[in-house]
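Chemist: I'd like to ask you about the structure that follows.
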Amino acid sequence: MKKILITGAAGFLGSHLCDKFIDEGFKVIGMDNLITGDLKNIEHLFKLDNFEFYHHDVSKFVHVADELDYILHFASPASPIDYLKIPIQTLKVGSLGTHNLLGLAKAKDARLLIASTSEVYGDPLVHPQTEDYYGNVNTIGPRGVYDEAKRFQESMTMAYHRFHGLETRIVRIFNTYGPRMRLNDGRVIPAFIGQALRGEDLTVFGDGSQTRSFCYVDDQVEGIYKLLLSDYAEPVNIGNPYEISILDFAEEIIKLTGTEQKIVFKPLPKDDPMQRQPDITRAKSILGWEPKVNREEGMKLTYDYFKSLSKEELQRSEHKDFSVHNRK
Ligand code: NAD
Ligand code: UDP
């Protein structure tokens, strides 16, 4: 049985990856310090013989007794609200944490895949974004703690690949959504759905002309799985190229949820990227991957999940508007 270590296992993507690798017959070791994750995302796995969990901060030395075949490094705060609240931990997990996992991969002769992000392109001047684009990033802006940690993570990973011959993979993940996102993590999909469910107005930042391209979690997980098992070490964009403006998206959510609330406009957060759309030519040609779930289907599944949460959970998740702390 192949063994895989998944960091960030109690988070949104990490927990879905644990499910995928369990389904594929792997022994999965999950690791998380629960800073933004929740054990309820993986509690269904605790009864399985081929699942183990370590409560550990990967920015500190990482010890695993078992042999390992693969490591997925997904531990990192991922939403602007989270990384503005815990900027130093965000920098540490992308840099020190990645260094620890590279060292572990080298010691175990394991293949390491790191979770990078479309944020390495910053507020892009090239559209759609291909992997060859170097980006337009503000190192000292509020998003710099995340963006630069991820850029450093990529450089460090390529250095281990080139210098030590380590088997590495880099996925550049574009906005991904689905069940198990935290209702109050501030990302636009839980924010809008939470507002609709609580009977609050939907807060569009700026004039809503900025665009995003949303990928359903099952498609993302399939892309990551294929990349891990491929022999390709350069970065690969995984995302859904279907682009929409945030204002049009807010209107879609109003239709989906049937809420009678209206849209209200709030200041645009500093360095909020104006346009984002993955060019997935590389993923198509190298991995034979492309997304299958359209936004209508994916959003319905996601809305069903949020509706199933308890009333208390919903009330606890009141929307946090970080734009006021963070104006241009
Ligand atoms: P998430 O916040 O739901 O999950 C992150 C998990 O990492 C949490 O469970 C958290 O407790 C854990 N974690 C954070 N710091 C840690 C540390 N020092 N030690 C151990 N565990 C730690 O976020 P997510 O959306 O699941 O994102 C997972 C990864 O994917 C991140 O690396 C993120 O940068 C990347 N990513 C996600 C998206 C997206 O759209 N979801 C887009 C781009 C990149
Ligand atoms: N956004 C918004 N209202 C909200 C939350 C987010 O208009 O209540 C906007 C945000 O300014 C950004 C887009 O939605 O332009 C996506 O934001 P998210 O935090 O989900 O991800 P990211 O900016 O990292 O892509």
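Ordering of the structure tokens sets the chain letters (A, B, ...); residue numbers start at 1 within each chain; ligands are numbered from 1 in the order shown.
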Applying 7 Å and only C-alpha atoms, which residues near segment 214-227 of chain A remain after dropping the ones on its own chain fewer than 2 positions away? List them as number ranges by chain.

Modeler: A: 17, 171, 175-178, 212, 229-230, 238-240, 287, 289, 291-293, 298

Chemist: Please, could you write that set of residues out with N, CA, C and O atoms as a PDB file, in the first residue's frame?

Modeler:
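Produced file part.pdb, reproduced below:
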```pdb
ATOM      1  N   LEU A  17      -8.725  15.925  -0.440  1.00  0.00           N
ATOM      2  CA  LEU A  17      -7.603  15.115  -0.939  1.00  0.00           C
ATOM      3  C   LEU A  17      -7.445  13.845  -0.109  1.00  0.00           C
ATOM      4  O   LEU A  17      -7.146  12.772  -0.647  1.00  0.00           O
ATOM      5  N   VAL A 171       1.496  22.690  -8.235  1.00  0.00           N
ATOM      6  CA  VAL A 171       0.189  23.034  -8.804  1.00  0.00           C
ATOM      7  C   VAL A 171      -0.126  24.488  -8.468  1.00  0.00           C
ATOM      8  O   VAL A 171      -0.006  24.910  -7.312  1.00  0.00           O
ATOM      9  N   ASN A 175      -8.964  29.930  -7.880  1.00  0.00           N
ATOM     10  CA  ASN A 175     -10.134  29.923  -6.967  1.00  0.00           C
ATOM     11  C   ASN A 175     -10.975  28.648  -7.064  1.00  0.00           C
ATOM     12  O   ASN A 175     -11.630  28.406  -8.075  1.00  0.00           O
ATOM     13  N   THR A 176     -10.945  27.874  -5.981  1.00  0.00           N
ATOM     14  CA  THR A 176     -11.657  26.593  -5.939  1.00  0.00           C
ATOM     15  C   THR A 176     -12.691  26.643  -4.819  1.00  0.00           C
ATOM     16  O   THR A 176     -12.454  27.255  -3.779  1.00  0.00           O
ATOM     17  N   TYR A 177     -13.830  26.011  -5.047  1.00  0.00           N
ATOM     18  CA  TYR A 177     -14.933  26.110  -4.089  1.00  0.00           C
ATOM     19  C   TYR A 177     -15.635  24.769  -3.954  1.00  0.00           C
ATOM     20  O   TYR A 177     -15.467  23.873  -4.795  1.00  0.00           O
ATOM     21  N   GLY A 178     -16.459  24.664  -2.904  1.00  0.00           N
ATOM     22  CA  GLY A 178     -17.254  23.450  -2.725  1.00  0.00           C
ATOM     23  C   GLY A 178     -17.559  23.233  -1.260  1.00  0.00           C
ATOM     24  O   GLY A 178     -17.203  24.059  -0.403  1.00  0.00           O
ATOM     25  N   ARG A 212     -13.228  36.635 -11.592  1.00  0.00           N
ATOM     26  CA  ARG A 212     -12.611  35.407 -11.097  1.00  0.00           C
ATOM     27  C   ARG A 212     -13.162  34.254 -11.940  1.00  0.00           C
ATOM     28  O   ARG A 212     -14.175  34.401 -12.624  1.00  0.00           O
ATOM     29  N   LEU A 229       0.853  12.115 -10.093  1.00  0.00           N
ATOM     30  CA  LEU A 229       1.286  10.856 -10.701  1.00  0.00           C
ATOM     31  C   LEU A 229       1.976  11.048 -12.051  1.00  0.00           C
ATOM     32  O   LEU A 229       2.448  10.084 -12.654  1.00  0.00           O
ATOM     33  N   SER A 230       2.031  12.298 -12.528  1.00  0.00           N
ATOM     34  CA  SER A 230       2.699  12.561 -13.815  1.00  0.00           C
ATOM     35  C   SER A 230       4.212  12.657 -13.585  1.00  0.00           C
ATOM     36  O   SER A 230       4.677  12.603 -12.444  1.00  0.00           O
ATOM     37  N   ILE A 238      -4.156  24.723 -12.426  1.00  0.00           N
ATOM     38  CA  ILE A 238      -5.382  23.917 -12.382  1.00  0.00           C
ATOM     39  C   ILE A 238      -6.509  24.845 -11.931  1.00  0.00           C
ATOM     40  O   ILE A 238      -6.477  25.408 -10.830  1.00  0.00           O
ATOM     41  N   GLY A 239      -7.480  25.020 -12.803  1.00  0.00           N
ATOM     42  CA  GLY A 239      -8.611  25.889 -12.499  1.00  0.00           C
ATOM     43  C   GLY A 239      -9.613  25.785 -13.625  1.00  0.00           C
ATOM     44  O   GLY A 239      -9.367  25.128 -14.633  1.00  0.00           O
ATOM     45  N   ASN A 240     -10.739  26.448 -13.425  1.00  0.00           N
ATOM     46  CA  ASN A 240     -11.782  26.439 -14.444  1.00  0.00           C
ATOM     47  C   ASN A 240     -11.745  27.773 -15.188  1.00  0.00           C
ATOM     48  O   ASN A 240     -11.893  28.827 -14.571  1.00  0.00           O
ATOM     49  N   LEU A 287      -1.546  16.540 -18.791  1.00  0.00           N
ATOM     50  CA  LEU A 287      -2.272  15.640 -17.865  1.00  0.00           C
ATOM     51  C   LEU A 287      -3.528  15.064 -18.503  1.00  0.00           C
ATOM     52  O   LEU A 287      -4.165  14.177 -17.914  1.00  0.00           O
ATOM     53  N   TRP A 289      -6.183  16.676 -18.583  1.00  0.00           N
ATOM     54  CA  TRP A 289      -7.195  17.104 -17.594  1.00  0.00           C
ATOM     55  C   TRP A 289      -7.925  18.356 -18.052  1.00  0.00           C
ATOM     56  O   TRP A 289      -7.316  19.258 -18.627  1.00  0.00           O
ATOM     57  N   PRO A 291     -11.679  20.702 -16.505  1.00  0.00           N
ATOM     58  CA  PRO A 291     -12.796  20.629 -15.564  1.00  0.00           C
ATOM     59  C   PRO A 291     -14.065  20.096 -16.210  1.00  0.00           C
ATOM     60  O   PRO A 291     -14.300  20.323 -17.397  1.00  0.00           O
ATOM     61  N   LYS A 292     -14.871  19.399 -15.392  1.00  0.00           N
ATOM     62  CA  LYS A 292     -16.093  18.783 -15.926  1.00  0.00           C
ATOM     63  C   LYS A 292     -17.361  19.380 -15.314  1.00  0.00           C
ATOM     64  O   LYS A 292     -18.439  19.236 -15.858  1.00  0.00           O
ATOM     65  N   VAL A 293     -17.215  19.995 -14.132  1.00  0.00           N
ATOM     66  CA  VAL A 293     -18.409  20.455 -13.406  1.00  0.00           C
ATOM     67  C   VAL A 293     -18.627  21.939 -13.710  1.00  0.00           C
ATOM     68  O   VAL A 293     -17.746  22.762 -13.443  1.00  0.00           O
ATOM     69  N   GLY A 298     -21.986  22.983  -9.730  1.00  0.00           N
ATOM     70  CA  GLY A 298     -21.080  23.085  -8.573  1.00  0.00           C
ATOM     71  C   GLY A 298     -21.669  23.975  -7.494  1.00  0.00           C
ATOM     72  O   GLY A 298     -21.590  23.677  -6.297  1.00  0.00           O
TER      73      GLY A 298
END
```

Chemist: What are the closest atom pairs, with distances in Å to one decimal, for each residue of chain A lying within 8 Å of ligand 1, using only C-alpha atoms and all ligand atoms, rows by chain and rising residue number, as JSON lines?

Modeler:
```
{"residue": "A:Thr7", "atom": "CA", "partner": "ligand 1", "partner_atom_place_in_ligand_line": "21 (N)", "distance": 6.0}
{"residue": "A:Gly8", "atom": "CA", "partner": "ligand 1", "partner_atom_place_in_ligand_line": "7 (O)", "distance": 3.4}
{"residue": "A:Ala9", "atom": "CA", "partner": "ligand 1", "partner_atom_place_in_ligand_line": "9 (O)", "distance": 5.8}
{"residue": "A:Ala10", "atom": "CA", "partner": "ligand 1", "partner_atom_place_in_ligand_line": "9 (O)", "distance": 4.1}
{"residue": "A:Gly11", "atom": "CA", "partner": "ligand 1", "partner_atom_place_in_ligand_line": "9 (O)", "distance": 3.3}
{"residue": "A:Phe12", "atom": "CA", "partner": "ligand 1", "partner_atom_place_in_ligand_line": "26 (O)", "distance": 3.7}
{"residue": "A:Leu13", "atom": "CA", "partner": "ligand 1", "partner_atom_place_in_ligand_line": "26 (O)", "distance": 3.7}
{"residue": "A:Gly14", "atom": "CA", "partner": "ligand 1", "partner_atom_place_in_ligand_line": "26 (O)", "distance": 5.5}
{"residue": "A:Ser15", "atom": "CA", "partner": "ligand 1", "partner_atom_place_in_ligand_line": "26 (O)", "distance": 7.6}
{"residue": "A:Met31", "atom": "CA", "partner": "ligand 1", "partner_atom_place_in_ligand_line": "20 (C)", "distance": 6.2}
{"residue": "A:Asp32", "atom": "CA", "partner": "ligand 1", "partner_atom_place_in_ligand_line": "21 (N)", "distance": 3.6}
{"residue": "A:Asn33", "atom": "CA", "partner": "ligand 1", "partner_atom_place_in_ligand_line": "20 (C)", "distance": 4.1}
{"residue": "A:Leu34", "atom": "CA", "partner": "ligand 1", "partner_atom_place_in_ligand_line": "11 (O)", "distance": 3.4}
{"residue": "A:Ile35", "atom": "CA", "partner": "ligand 1", "partner_atom_place_in_ligand_line": "11 (O)", "distance": 3.9}
{"residue": "A:Thr36", "atom": "CA", "partner": "ligand 1", "partner_atom_place_in_ligand_line": "11 (O)", "distance": 4.0}
{"residue": "A:Gly37", "atom": "CA", "partner": "ligand 1", "partner_atom_place_in_ligand_line": "9 (O)", "distance": 3.1}
{"residue": "A:Asp38", "atom": "CA", "partner": "ligand 1", "partner_atom_place_in_ligand_line": "9 (O)", "distance": 6.2}
{"residue": "A:His55", "atom": "CA", "partner": "ligand 1", "partner_atom_place_in_ligand_line": "20 (C)", "distance": 7.6}
{"residue": "A:His56", "atom": "CA", "partner": "ligand 1", "partner_atom_place_in_ligand_line": "20 (C)", "distance": 5.6}
{"residue": "A:Asp57", "atom": "CA", "partner": "ligand 1", "partner_atom_place_in_ligand_line": "19 (N)", "distance": 3.4}
{"residue": "A:Val58", "atom": "CA", "partner": "ligand 1", "partner_atom_place_in_ligand_line": "19 (N)", "distance": 4.0}
{"residue": "A:Ser59", "atom": "CA", "partner": "ligand 1", "partner_atom_place_in_ligand_line": "18 (N)", "distance": 4.9}
{"residue": "A:Lys60", "atom": "CA", "partner": "ligand 1", "partner_atom_place_in_ligand_line": "18 (N)", "distance": 7.8}
{"residue": "A:His73", "atom": "CA", "partner": "ligand 1", "partner_atom_place_in_ligand_line": "32 (O)", "distance": 6.9}
{"residue": "A:Phe74", "atom": "CA", "partner": "ligand 1", "partner_atom_place_in_ligand_line": "32 (O)", "distance": 4.1}
{"residue": "A:Ala75", "atom": "CA", "partner": "ligand 1", "partner_atom_place_in_ligand_line": "7 (O)", "distance": 3.4}
{"residue": "A:Ser76", "atom": "CA", "partner": "ligand 1", "partner_atom_place_in_ligand_line": "14 (C)", "distance": 3.9}
{"residue": "A:Pro77", "atom": "CA", "partner": "ligand 1", "partner_atom_place_in_ligand_line": "2 (O)", "distance": 4.6}
{"residue": "A:Ala78", "atom": "CA", "partner": "ligand 1", "partner_atom_place_in_ligand_line": "33 (C)", "distance": 4.5}
{"residue": "A:Ser79", "atom": "CA", "partner": "ligand 1", "partner_atom_place_in_ligand_line": "2 (O)", "distance": 6.9}
{"residue": "A:Asp82", "atom": "CA", "partner": "ligand 1", "partner_atom_place_in_ligand_line": "2 (O)", "distance": 7.7}
{"residue": "A:Gln89", "atom": "CA", "partner": "ligand 1", "partner_atom_place_in_ligand_line": "18 (N)", "distance": 6.5}
{"residue": "A:Thr90", "atom": "CA", "partner": "ligand 1", "partner_atom_place_in_ligand_line": "15 (N)", "distance": 6.8}
{"residue": "A:Lys92", "atom": "CA", "partner": "ligand 1", "partner_atom_place_in_ligand_line": "18 (N)", "distance": 7.2}
{"residue": "A:Val93", "atom": "CA", "partner": "ligand 1", "partner_atom_place_in_ligand_line": "18 (N)", "distance": 4.8}
{"residue": "A:Gly94", "atom": "CA", "partner": "ligand 1", "partner_atom_place_in_ligand_line": "32 (O)", "distance": 7.9}
{"residue": "A:Gly97", "atom": "CA", "partner": "ligand 1", "partner_atom_place_in_ligand_line": "18 (N)", "distance": 6.6}
{"residue": "A:Ile114", "atom": "CA", "partner": "ligand 1", "partner_atom_place_in_ligand_line": "32 (O)", "distance": 7.7}
{"residue": "A:Ala115", "atom": "CA", "partner": "ligand 1", "partner_atom_place_in_ligand_line": "32 (O)", "distance": 4.9}
{"residue": "A:Ser116", "atom": "CA", "partner": "ligand 1", "partner_atom_place_in_ligand_line": "44 (C)", "distance": 5.5}
{"residue": "A:Thr117", "atom": "CA", "partner": "ligand 1", "partner_atom_place_in_ligand_line": "43 (C)", "distance": 4.1}
{"residue": "A:Ser118", "atom": "CA", "partner": "ligand 1", "partner_atom_place_in_ligand_line": "43 (C)", "distance": 6.2}
{"residue": "A:Glu119", "atom": "CA", "partner": "ligand 1", "partner_atom_place_in_ligand_line": "43 (C)", "distance": 7.2}
{"residue": "A:Tyr146", "atom": "CA", "partner": "ligand 1", "partner_atom_place_in_ligand_line": "34 (O)", "distance": 7.8}
{"residue": "A:Lys150", "atom": "CA", "partner": "ligand 1", "partner_atom_place_in_ligand_line": "34 (O)", "distance": 7.5}
{"residue": "A:Arg172", "atom": "CA", "partner": "ligand 1", "partner_atom_place_in_ligand_line": "43 (C)", "distance": 6.8}
{"residue": "A:Ile173", "atom": "CA", "partner": "ligand 1", "partner_atom_place_in_ligand_line": "43 (C)", "distance": 4.3}
{"residue": "A:Phe174", "atom": "CA", "partner": "ligand 1", "partner_atom_place_in_ligand_line": "42 (C)", "distance": 5.0}
{"residue": "A:Asn175", "atom": "CA", "partner": "ligand 1", "partner_atom_place_in_ligand_line": "40 (O)", "distance": 3.6}
{"residue": "A:Thr176", "atom": "CA", "partner": "ligand 1", "partner_atom_place_in_ligand_line": "40 (O)", "distance": 3.7}
{"residue": "A:Tyr177", "atom": "CA", "partner": "ligand 1", "partner_atom_place_in_ligand_line": "40 (O)", "distance": 6.2}
{"residue": "A:Arg180", "atom": "CA", "partner": "ligand 1", "partner_atom_place_in_ligand_line": "3 (O)", "distance": 7.8}
{"residue": "A:Met181", "atom": "CA", "partner": "ligand 1", "partner_atom_place_in_ligand_line": "3 (O)", "distance": 6.3}
{"residue": "A:Arg182", "atom": "CA", "partner": "ligand 1", "partner_atom_place_in_ligand_line": "3 (O)", "distance": 6.9}
{"residue": "A:Asp185", "atom": "CA", "partner": "ligand 1", "partner_atom_place_in_ligand_line": "2 (O)", "distance": 7.9}
{"residue": "A:Cys215", "atom": "CA", "partner": "ligand 1", "partner_atom_place_in_ligand_line": "40 (O)", "distance": 8.0}
```

Chemist: Rounded to one decimal in Å, what is the spacing between atom CA of Ile193 of chain A and atom CA of Ile244 of chain A?

Modeler: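 Computing the Euclidean distance for atom CA of Ile193 of chain A and atom CA of Ile244 of chain A yields 16.8 Å.
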
Chemist: Per DSSP on the backbone, filter segment 79-200 of chain A down to the residues in alpha helix (DSSP H) and report them as an NGL selection string.

Modeler: :A and (80-85 or 87-92 or 98-108 or 144-164 or 188-198)

Chemist: Using only C-alpha atoms and all ligand atoms, determine which residues fall within 6 Å of ligand 2, then list them as a VMD selection string.

Modeler: chain A and resid 79 to 80 175 186 to 188 191 203 to 205 210 246 268 272

Chemist: Take the residues from that selection and put them in a file with N, CA, C and O atoms, as a JSON list (two decimals), in the first residue's frame.

Modeler:
```
[["chain", "number", "residue", "atom", "x", "y", "z"],
["A", 79, "SER", "N", -7.32, 32.22, 2.72],
["A", 79, "SER", "CA", -8.25, 33.28, 2.34],
["A", 79, "SER", "C", -7.66, 34.62, 2.79],
["A", 79, "SER", "O", -6.96, 34.68, 3.80],
["A", 80, "PRO", "N", -7.95, 35.69, 2.05],
["A", 80, "PRO", "CA", -7.39, 37.00, 2.43],
["A", 80, "PRO", "C", -7.69, 37.35, 3.90],
["A", 80, "PRO", "O", -6.81, 37.85, 4.59],
["A", 175, "ASN", "N", -8.96, 29.93, -7.88],
["A", 175, "ASN", "CA", -10.13, 29.92, -6.97],
["A", 175, "ASN", "C", -10.97, 28.65, -7.06],
["A", 175, "ASN", "O", -11.63, 28.41, -8.08],
["A", 186, "GLY", "N", -14.33, 34.41, 4.63],
["A", 186, "GLY", "CA", -14.23, 35.68, 3.91],
["A", 186, "GLY", "C", -14.16, 35.51, 2.41],
["A", 186, "GLY", "O", -14.33, 36.48, 1.67],
["A", 187, "ARG", "N", -13.90, 34.30, 1.92],
["A", 187, "ARG", "CA", -13.84, 34.13, 0.46],
["A", 187, "ARG", "C", -15.23, 34.37, -0.11],
["A", 187, "ARG", "O", -16.25, 34.15, 0.56],
["A", 188, "VAL", "N", -15.26, 34.78, -1.36],
["A", 188, "VAL", "CA", -16.50, 35.36, -1.88],
["A", 188, "VAL", "C", -17.67, 34.37, -1.88],
["A", 188, "VAL", "O", -18.81, 34.77, -1.60],
["A", 191, "ALA", "N", -18.95, 33.85, 1.62],
["A", 191, "ALA", "CA", -19.43, 35.18, 2.08],
["A", 191, "ALA", "C", -20.83, 35.44, 1.52],
["A", 191, "ALA", "O", -21.76, 35.73, 2.27],
["A", 203, "THR", "N", -22.36, 41.85, -0.07],
["A", 203, "THR", "CA", -21.36, 42.92, -0.14],
["A", 203, "THR", "C", -20.42, 42.70, -1.33],
["A", 203, "THR", "O", -19.57, 41.79, -1.31],
["A", 204, "VAL", "N", -20.59, 43.52, -2.35],
["A", 204, "VAL", "CA", -19.67, 43.47, -3.49],
["A", 204, "VAL", "C", -18.58, 44.51, -3.26],
["A", 204, "VAL", "O", -18.89, 45.68, -2.98],
["A", 205, "PHE", "N", -17.33, 44.09, -3.36],
["A", 205, "PHE", "CA", -16.22, 45.03, -3.13],
["A", 205, "PHE", "C", -15.88, 45.74, -4.45],
["A", 205, "PHE", "O", -15.83, 45.11, -5.51],
["A", 210, "GLN", "N", -14.23, 43.40, -11.20],
["A", 210, "GLN", "CA", -13.12, 42.45, -11.14],
["A", 210, "GLN", "C", -13.65, 41.04, -11.42],
["A", 210, "GLN", "O", -14.80, 40.74, -11.10],
["A", 246, "ILE", "N", -17.49, 39.77, -10.50],
["A", 246, "ILE", "CA", -18.03, 39.54, -9.15],
["A", 246, "ILE", "C", -19.46, 40.09, -9.05],
["A", 246, "ILE", "O", -20.31, 39.50, -8.38],
["A", 268, "LEU", "N", -12.96, 48.47, -2.37],
["A", 268, "LEU", "CA", -12.15, 47.35, -2.90],
["A", 268, "LEU", "C", -10.91, 47.18, -2.02],
["A", 268, "LEU", "O", -10.20, 48.16, -1.77],
["A", 272, "ASP", "N", -6.40, 43.98, -4.73],
["A", 272, "ASP", "CA", -7.34, 42.95, -5.17],
["A", 272, "ASP", "C", -7.17, 42.76, -6.69],
["A", 272, "ASP", "O", -7.35, 43.71, -7.45]]
```

Chemist: Pick out the residues sitting within 8 Å of Lys27 of chain A, and hand them over as an MDAnalysis selection string; count only C-alpha atoms, and ignore anything fewer than 4 positions along from it in its own chain.

Modeler: chainID A and resid 1:4 21:22 50:51

Chemist: Just the selected residues (all heavy atoms), exported as a compact mmCIF listing (two decimals), in the first residue's frame, please.

Modeler:
```txt
# COMPACT_ATOMS: atom_id res chain seq x y z
N MET A 1 0.85 -1.20 0.00
CA MET A 1 0.00 0.00 0.00
C MET A 1 0.88 1.25 0.00
O MET A 1 1.77 1.39 0.84
CB MET A 1 -0.86 -0.02 1.28
CG MET A 1 -1.95 0.99 1.31
SD MET A 1 -2.87 0.92 2.87
CE MET A 1 -4.30 0.00 2.40
N LYS A 2 0.65 2.16 -0.96
CA LYS A 2 1.44 3.40 -1.04
C LYS A 2 1.05 4.33 0.12
O LYS A 2 -0.12 4.41 0.49
CB LYS A 2 1.16 4.13 -2.36
CG LYS A 2 1.61 3.35 -3.57
CD LYS A 2 3.09 3.55 -3.81
CE LYS A 2 3.52 2.88 -5.11
NZ LYS A 2 4.97 2.60 -5.11
N LYS A 3 2.05 5.06 0.65
CA LYS A 3 1.77 5.95 1.79
C LYS A 3 1.95 7.41 1.39
O LYS A 3 2.95 7.77 0.77
CB LYS A 3 2.74 5.65 2.93
CG LYS A 3 2.43 4.33 3.60
CD LYS A 3 3.30 4.13 4.81
CE LYS A 3 3.18 2.67 5.24
NZ LYS A 3 4.41 2.18 5.86
N ILE A 4 1.00 8.22 1.82
CA ILE A 4 1.05 9.64 1.48
C ILE A 4 0.81 10.48 2.73
O ILE A 4 -0.07 10.17 3.53
CB ILE A 4 0.03 9.97 0.36
CG1 ILE A 4 0.15 11.43 -0.08
CG2 ILE A 4 -1.42 9.69 0.78
CD1 ILE A 4 -0.52 11.72 -1.42
N PHE A 21 -7.44 10.09 -1.79
CA PHE A 21 -6.34 9.11 -1.71
C PHE A 21 -6.77 7.87 -0.93
O PHE A 21 -6.29 6.77 -1.21
CB PHE A 21 -5.07 9.77 -1.17
CG PHE A 21 -4.38 10.57 -2.25
CD1 PHE A 21 -4.71 11.89 -2.49
CD2 PHE A 21 -3.45 9.97 -3.09
CE1 PHE A 21 -4.12 12.63 -3.52
CE2 PHE A 21 -2.84 10.67 -4.12
CZ PHE A 21 -3.19 12.01 -4.34
N ILE A 22 -7.69 8.01 0.03
CA ILE A 22 -8.25 6.83 0.70
C ILE A 22 -9.01 6.00 -0.35
O ILE A 22 -8.83 4.78 -0.46
CB ILE A 22 -9.21 7.24 1.85
CG1 ILE A 22 -8.42 7.88 3.01
CG2 ILE A 22 -10.06 6.06 2.32
CD1 ILE A 22 -7.71 6.92 3.94
N ASN A 50 -6.48 2.67 7.47
CA ASN A 50 -5.48 3.30 6.61
C ASN A 50 -5.48 4.82 6.69
O ASN A 50 -5.10 5.50 5.75
CB ASN A 50 -5.61 2.83 5.15
CG ASN A 50 -6.99 3.06 4.59
OD1 ASN A 50 -7.96 3.16 5.35
ND2 ASN A 50 -7.09 3.17 3.28
N PHE A 51 -5.96 5.37 7.85
CA PHE A 51 -5.87 6.81 8.07
C PHE A 51 -5.32 7.09 9.45
O PHE A 51 -5.71 6.46 10.44
CB PHE A 51 -7.25 7.48 7.93
CG PHE A 51 -7.18 8.98 8.09
CD1 PHE A 51 -6.69 9.78 7.06
CD2 PHE A 51 -7.59 9.60 9.27
CE1 PHE A 51 -6.59 11.16 7.20
CE2 PHE A 51 -7.49 10.99 9.41
CZ PHE A 51 -7.00 11.76 8.38
```

Chemist: Please indicate the distance in Å from atom CA of Pro87 of chain A to atom CA of Val145 of chain A, rounded to one decimal place.

Modeler: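 Atom CA of Val145 of chain A lies 5.9 Å from atom CA of Pro87 of chain A.
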
Chemist: What does the distance from atom CA of Pro278 of chain A to atom CA of Thr130 of chain A come to in Å, to one decimal?

Modeler: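 So the answer is 6.8 Å.
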
Chemist: Do a neighbour search on segment 232-234 of chain A at 8 Å with only C-alpha atoms, toss out local chain neighbours closer than 6 positions, and write the hits as a list in words.

Modeler: Glu167, Thr168, Arg169, Ile170 and Ile286 of chain A

Chemist: Would you list, as a list in words, the residues of segment 154-260 of chain A that end up in strand (DSSP E or B) under DSSP run on this structure's backbone?

Modeler: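 Matching residues, listed in order: Thr168, Arg169, Ile170, Val171, Arg172, Ile173, Thr176, Tyr177, Leu202, Thr203, Val204, Phe205, Thr211, Arg212, Ser213, Cys215, Tyr216, Pro235, Val236, Asn237, Ile238, Glu243, Ile244 and Ser245 of chain A.
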
Chemist: Kindly indicate which residue among A:Leu125, A:Ile71, A:Met156, A:Ala250 lies nearest to Ser95 of chain A, using only C-alpha atoms for the distances.

Modeler: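 Using only C-alpha atoms, Ser95 of chain A sits closest to A:Met156.
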
Chemist: For Ala107 of chain A, which of A:Arg143, A:His127, A:Lys255, A:His63 is the closest residue, counting only C-alpha atoms?

Modeler: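 Among the listed residues, the smallest separation from Ala107 of chain A belongs to A:His63.
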
Chemist: Using only C-alpha atoms, which of A:Gln277, A:Ser308, A:Gln261, A:Gln315 sits nearest Phe192 of chain A?

Modeler: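 Looking at the shortest contact to Phe192 of chain A, the residue is A:Gln261.
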
Chemist: Using only C-alpha atoms, which residues sit within 12 Å of Lys311 of chain A once same-chain residues fewer than 6 positions away are excluded, as a tab-separated table (two decimals) with N, CA, C and O atoms, in the first residue's frame?

Modeler:
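See selection02.tsv below for the written result:
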```
chain	number	residue	atom	x	y	z
A	194	GLY	N	-23.47	32.84	2.78
A	194	GLY	CA	-23.75	33.09	4.20
A	194	GLY	C	-24.67	34.31	4.35
A	194	GLY	O	-25.64	34.28	5.11
A	197	LEU	N	-28.16	33.36	3.30
A	197	LEU	CA	-28.84	32.49	4.28
A	197	LEU	C	-29.21	33.24	5.56
A	197	LEU	O	-30.21	32.93	6.20
A	198	ARG	N	-28.42	34.24	5.94
A	198	ARG	CA	-28.73	35.00	7.16
A	198	ARG	C	-29.67	36.18	6.89
A	198	ARG	O	-30.00	36.93	7.79
A	317	SER	N	-21.31	32.70	12.06
A	317	SER	CA	-20.43	32.96	10.91
A	317	SER	C	-20.65	34.34	10.32
A	317	SER	O	-20.41	34.53	9.16
A	318	GLU	N	-21.11	35.29	11.15
A	318	GLU	CA	-21.44	36.60	10.57
A	318	GLU	C	-20.26	37.13	9.75
A	318	GLU	O	-19.11	36.91	10.07
```

Chemist: Taking only C-alpha atoms into account, which of A:Gly144, A:Gly199, A:Gly103, A:Pro235 comes nearest Asp132 of chain A?

Modeler: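 Of A:Gly144, A:Gly199, A:Gly103, A:Pro235, the one nearest Asp132 of chain A, counting only C-alpha atoms, is A:Pro235.
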
Chemist: I'd like to know which of A:Glu312, A:Glu67, A:Glu148, A:Asp49 is closest to Leu91 of chain A, using only C-alpha atoms.

Modeler: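 Using only C-alpha atoms, the shortest distance to Leu91 of chain A belongs to A:Glu148.
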